[in-house]
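Asks: What follows is a single structure, and I will ask about it in a moment.
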Amino acid sequence: MKSRISHPRKILLVFIAAGIAWIGFLALKTPTNDENWQTQFQILPTIELSGDTIRILNVRDFRYNDDDSIAEAHYIDQNYKLSEFRNAWYAISHFADHGLAHVLLSFEFKDDQFLVVSIEARLRKDNVDGYDPIKGLFRGYTKQSC
C-alpha cells in the first residue's frame, strides 16, 4: 500500500525546508569589523569585569545638532559597581510609521550614574539612505565573507 503525504503536511514541509535554507543563508553571512563605518559606529565598546566592578571602555558620549548630525564625537571609559545597581528601564523609540522601533535598556546606578545600552545596525559611510528593515532582515549591512 502506498503512503501519501496530505496537502497540509506538504505545505508544512515546504515551510520547514524554507526555514532551514534561510538559516543556512544567514549563517554564511558573517559580520566584519574591517569596514569604513559611519562615525558613530567606528569604535566598539569593550567590557572588563573585575569582582564587583564592570569597566566599559569606549562608551559613546556624543553631542548632536538639531538636525541629528554629530556636533561632538567623544568616547569615555566608565566604571560601574554591580553592588550600586538601582534600577533598569526598557524604552522603545519608534523611528517609522509602520511600527519599527529602536529598543533601549537604561541602567541606573548609585549617585545618578546611568548607562544606556542599545543594539543598532552598523552603517558604512557609503550608506547615505539610512536604515532599511528589509535590507536588515537579509543581513544587507554585513558583507559576504564565505
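Every chain in the C-alpha cells takes a letter, A first, then B, and so on in the order presented; its residues are numbered from 1, and the ligands are numbered from 1 following the presented order.
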Please, which residues of range 4-135 of chain A, numbered as in this document, come out strand (DSSP E) from DSSP, as number ranges by chain?
Replies: A: 46-50, 53-60, 63-64, 70-72, 75-81, 85-94, 101-109, 113-118
Asks: Can you write out the residues you just picked, keeping C-alpha atoms, as a PDB file, in the first residue's frame?
Replies:
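The new file again_0.pdb reads:
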ATOM      1  CA  THR A  46      34.998  46.786  25.354  1.00  0.00           C
ATOM      2  CA  ILE A  47      33.856  45.354  28.678  1.00  0.00           C
ATOM      3  CA  GLU A  48      36.135  44.236  31.508  1.00  0.00           C
ATOM      4  CA  LEU A  49      34.789  42.536  34.642  1.00  0.00           C
ATOM      5  CA  SER A  50      36.786  42.548  37.862  1.00  0.00           C
ATOM      6  CA  THR A  53      33.293  46.378  39.024  1.00  0.00           C
ATOM      7  CA  ILE A  54      32.375  46.490  35.349  1.00  0.00           C
ATOM      8  CA  ARG A  55      34.665  48.741  33.303  1.00  0.00           C
ATOM      9  CA  ILE A  56      33.394  49.745  29.886  1.00  0.00           C
ATOM     10  CA  LEU A  57      35.893  51.308  27.517  1.00  0.00           C
ATOM     11  CA  ASN A  58      34.756  53.496  24.620  1.00  0.00           C
ATOM     12  CA  VAL A  59      31.288  54.430  25.842  1.00  0.00           C
ATOM     13  CA  ARG A  60      29.787  56.722  23.204  1.00  0.00           C
ATOM     14  CA  ARG A  63      26.576  65.620  21.246  1.00  0.00           C
ATOM     15  CA  TYR A  64      24.178  66.123  18.344  1.00  0.00           C
ATOM     16  CA  ILE A  70      27.142  64.892  15.098  1.00  0.00           C
ATOM     17  CA  ALA A  71      28.338  68.084  16.792  1.00  0.00           C
ATOM     18  CA  GLU A  72      30.964  66.419  19.031  1.00  0.00           C
ATOM     19  CA  TYR A  75      34.307  58.242  23.843  1.00  0.00           C
ATOM     20  CA  ILE A  76      34.757  57.813  27.570  1.00  0.00           C
ATOM     21  CA  ASP A  77      35.745  54.960  29.870  1.00  0.00           C
ATOM     22  CA  GLN A  78      33.332  54.284  32.732  1.00  0.00           C
ATOM     23  CA  ASN A  79      33.315  52.073  35.827  1.00  0.00           C
ATOM     24  CA  TYR A  80      30.096  50.659  37.289  1.00  0.00           C
ATOM     25  CA  LYS A  81      29.765  48.761  40.559  1.00  0.00           C
ATOM     26  CA  PHE A  85      22.846  48.964  40.692  1.00  0.00           C
ATOM     27  CA  ARG A  86      19.470  50.573  41.492  1.00  0.00           C
ATOM     28  CA  ASN A  87      17.032  50.180  38.599  1.00  0.00           C
ATOM     29  CA  ALA A  88      16.570  49.343  34.924  1.00  0.00           C
ATOM     30  CA  TRP A  89      14.192  50.737  32.318  1.00  0.00           C
ATOM     31  CA  TYR A  90      13.145  49.361  28.972  1.00  0.00           C
ATOM     32  CA  ALA A  91      12.386  52.014  26.352  1.00  0.00           C
ATOM     33  CA  ILE A  92      11.089  51.934  22.802  1.00  0.00           C
ATOM     34  CA  SER A  93      11.772  54.762  20.358  1.00  0.00           C
ATOM     35  CA  HIS A  94       9.719  54.468  17.173  1.00  0.00           C
ATOM     36  CA  ALA A 101      11.323  50.883  16.775  1.00  0.00           C
ATOM     37  CA  HIS A 102      14.712  51.163  18.406  1.00  0.00           C
ATOM     38  CA  VAL A 103      14.917  49.338  21.748  1.00  0.00           C
ATOM     39  CA  LEU A 104      16.995  50.671  24.644  1.00  0.00           C
ATOM     40  CA  LEU A 105      17.847  49.461  28.145  1.00  0.00           C
ATOM     41  CA  SER A 106      18.784  52.081  30.709  1.00  0.00           C
ATOM     42  CA  PHE A 107      20.613  51.017  33.875  1.00  0.00           C
ATOM     43  CA  GLU A 108      20.688  53.292  36.919  1.00  0.00           C
ATOM     44  CA  PHE A 109      23.442  53.108  39.493  1.00  0.00           C
ATOM     45  CA  GLN A 113      25.045  57.297  37.221  1.00  0.00           C
ATOM     46  CA  PHE A 114      23.343  55.836  34.127  1.00  0.00           C
ATOM     47  CA  LEU A 115      24.290  53.526  31.270  1.00  0.00           C
ATOM     48  CA  VAL A 116      22.028  53.166  28.231  1.00  0.00           C
ATOM     49  CA  VAL A 117      22.520  50.134  26.007  1.00  0.00           C
ATOM     50  CA  SER A 118      21.026  49.577  22.561  1.00  0.00           C
TER      51      SER A 118
END
Asks: Counting only C-alpha atoms, what is within 10 Å of Asn33 in chain A, bar same-chain residues fewer than 4 positions away, as a PyMOL selection string?
Replies: chain A and resi 37+41-44+122+142
Asks: Hey, what does DSSP flag as helix (DSSP H, G or I) within chain A? Can you give it to me as a PyMOL selection string?
Replies: chain A and resi 7-28+39-41+82-84+133-137
Asks: Go ahead and write the residues just picked, N, CA and C atoms, as a tab-separated table (two decimals), in the first residue's frame.
Replies:
chain	number	residue	atom	x	y	z
A	7	HIS	N	-1.99	17.18	1.94
A	7	HIS	CA	-1.72	18.53	1.45
A	7	HIS	C	-1.21	19.48	2.54
A	8	PRO	N	-1.85	19.55	3.72
A	8	PRO	CA	-1.33	20.43	4.78
A	8	PRO	C	0.08	20.04	5.23
A	9	ARG	N	0.39	18.75	5.23
A	9	ARG	CA	1.74	18.32	5.62
A	9	ARG	C	2.77	18.73	4.57
A	10	LYS	N	2.40	18.69	3.30
A	10	LYS	CA	3.32	19.13	2.24
A	10	LYS	C	3.65	20.61	2.42
A	11	ILE	N	2.64	21.39	2.73
A	11	ILE	CA	2.86	22.83	2.95
A	11	ILE	C	3.78	23.04	4.15
A	12	LEU	N	3.54	22.31	5.22
A	12	LEU	CA	4.39	22.41	6.41
A	12	LEU	C	5.83	22.03	6.08
A	13	LEU	N	6.03	20.97	5.31
A	13	LEU	CA	7.38	20.55	4.93
A	13	LEU	C	8.08	21.61	4.08
A	14	VAL	N	7.33	22.26	3.21
A	14	VAL	CA	7.89	23.34	2.39
A	14	VAL	C	8.35	24.49	3.30
A	15	PHE	N	7.53	24.87	4.27
A	15	PHE	CA	7.91	25.94	5.20
A	15	PHE	C	9.13	25.56	6.03
A	16	ILE	N	9.19	24.32	6.49
A	16	ILE	CA	10.35	23.87	7.26
A	16	ILE	C	11.61	23.90	6.40
A	17	ALA	N	11.52	23.43	5.17
A	17	ALA	CA	12.68	23.46	4.26
A	17	ALA	C	13.11	24.89	3.97
A	18	ALA	N	12.15	25.78	3.77
A	18	ALA	CA	12.48	27.19	3.53
A	18	ALA	C	13.15	27.80	4.75
A	19	GLY	N	12.67	27.47	5.94
A	19	GLY	CA	13.28	27.97	7.18
A	19	GLY	C	14.71	27.49	7.34
A	20	ILE	N	14.96	26.24	7.05
A	20	ILE	CA	16.31	25.69	7.14
A	20	ILE	C	17.22	26.37	6.12
A	21	ALA	N	16.72	26.58	4.91
A	21	ALA	CA	17.52	27.27	3.88
A	21	ALA	C	17.82	28.70	4.31
A	22	TRP	N	16.85	29.38	4.92
A	22	TRP	CA	17.04	30.76	5.39
A	22	TRP	C	18.12	30.82	6.47
A	23	ILE	N	18.06	29.91	7.43
A	23	ILE	CA	19.07	29.86	8.49
A	23	ILE	C	20.45	29.60	7.90
A	24	GLY	N	20.53	28.70	6.92
A	24	GLY	CA	21.80	28.43	6.25
A	24	GLY	C	22.34	29.66	5.53
A	25	PHE	N	21.46	30.38	4.85
A	25	PHE	CA	21.86	31.61	4.15
A	25	PHE	C	22.42	32.64	5.13
A	26	LEU	N	21.72	32.85	6.24
A	26	LEU	CA	22.17	33.82	7.23
A	26	LEU	C	23.47	33.39	7.89
A	27	ALA	N	23.65	32.10	8.10
A	27	ALA	CA	24.87	31.60	8.74
A	27	ALA	C	26.09	31.84	7.86
A	28	LEU	N	25.92	31.90	6.56
A	28	LEU	CA	27.04	32.13	5.65
A	28	LEU	C	27.49	33.59	5.63
A	39	THR	N	30.78	57.52	11.48
A	39	THR	CA	31.50	57.96	12.69
A	39	THR	C	30.99	57.30	13.96
A	40	GLN	N	29.69	57.28	14.18
A	40	GLN	CA	29.14	56.76	15.42
A	40	GLN	C	29.29	55.24	15.57
A	41	PHE	N	29.69	54.54	14.51
A	41	PHE	CA	29.83	53.09	14.56
A	41	PHE	C	31.28	52.63	14.44
A	82	LEU	N	28.48	46.71	40.45
A	82	LEU	CA	27.26	45.91	40.46
A	82	LEU	C	26.48	46.09	41.75
A	83	SER	N	27.18	46.26	42.86
A	83	SER	CA	26.51	46.44	44.14
A	83	SER	C	25.77	47.77	44.23
A	84	GLU	N	26.06	48.70	43.30
A	84	GLU	CA	25.41	50.01	43.31
A	84	GLU	C	24.28	50.12	42.27
A	133	PRO	N	14.60	48.20	6.91
A	133	PRO	CA	14.31	46.95	7.63
A	133	PRO	C	14.43	45.69	6.77
A	134	ILE	N	14.08	45.79	5.49
A	134	ILE	CA	14.20	44.62	4.61
A	134	ILE	C	15.67	44.28	4.39
A	135	LYS	N	16.48	45.29	4.15
A	135	LYS	CA	17.92	45.06	3.99
A	135	LYS	C	18.51	44.48	5.28
A	136	GLY	N	18.03	44.95	6.44
A	136	GLY	CA	18.48	44.42	7.72
A	136	GLY	C	18.07	42.96	7.89
A	137	LEU	N	16.85	42.62	7.47
A	137	LEU	CA	16.36	41.25	7.56
A	137	LEU	C	17.22	40.29	6.75
Asks: Quick one: residues within 12 Å of Asp132 in chain A, only C-alpha atoms counted, chain neighbours fewer than 3 positions away excluded, as a PyMOL selection string?
Replies: chain A and resi 95-96+100+121-123+127-129+135-141
Asks: Could you work out how far CA of Ile119 in chain A lies from CA of Tyr131 in chain A, giving the answer in Å with one decimal?
Replies: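 Between these atoms lies a distance of 13.0 Å.
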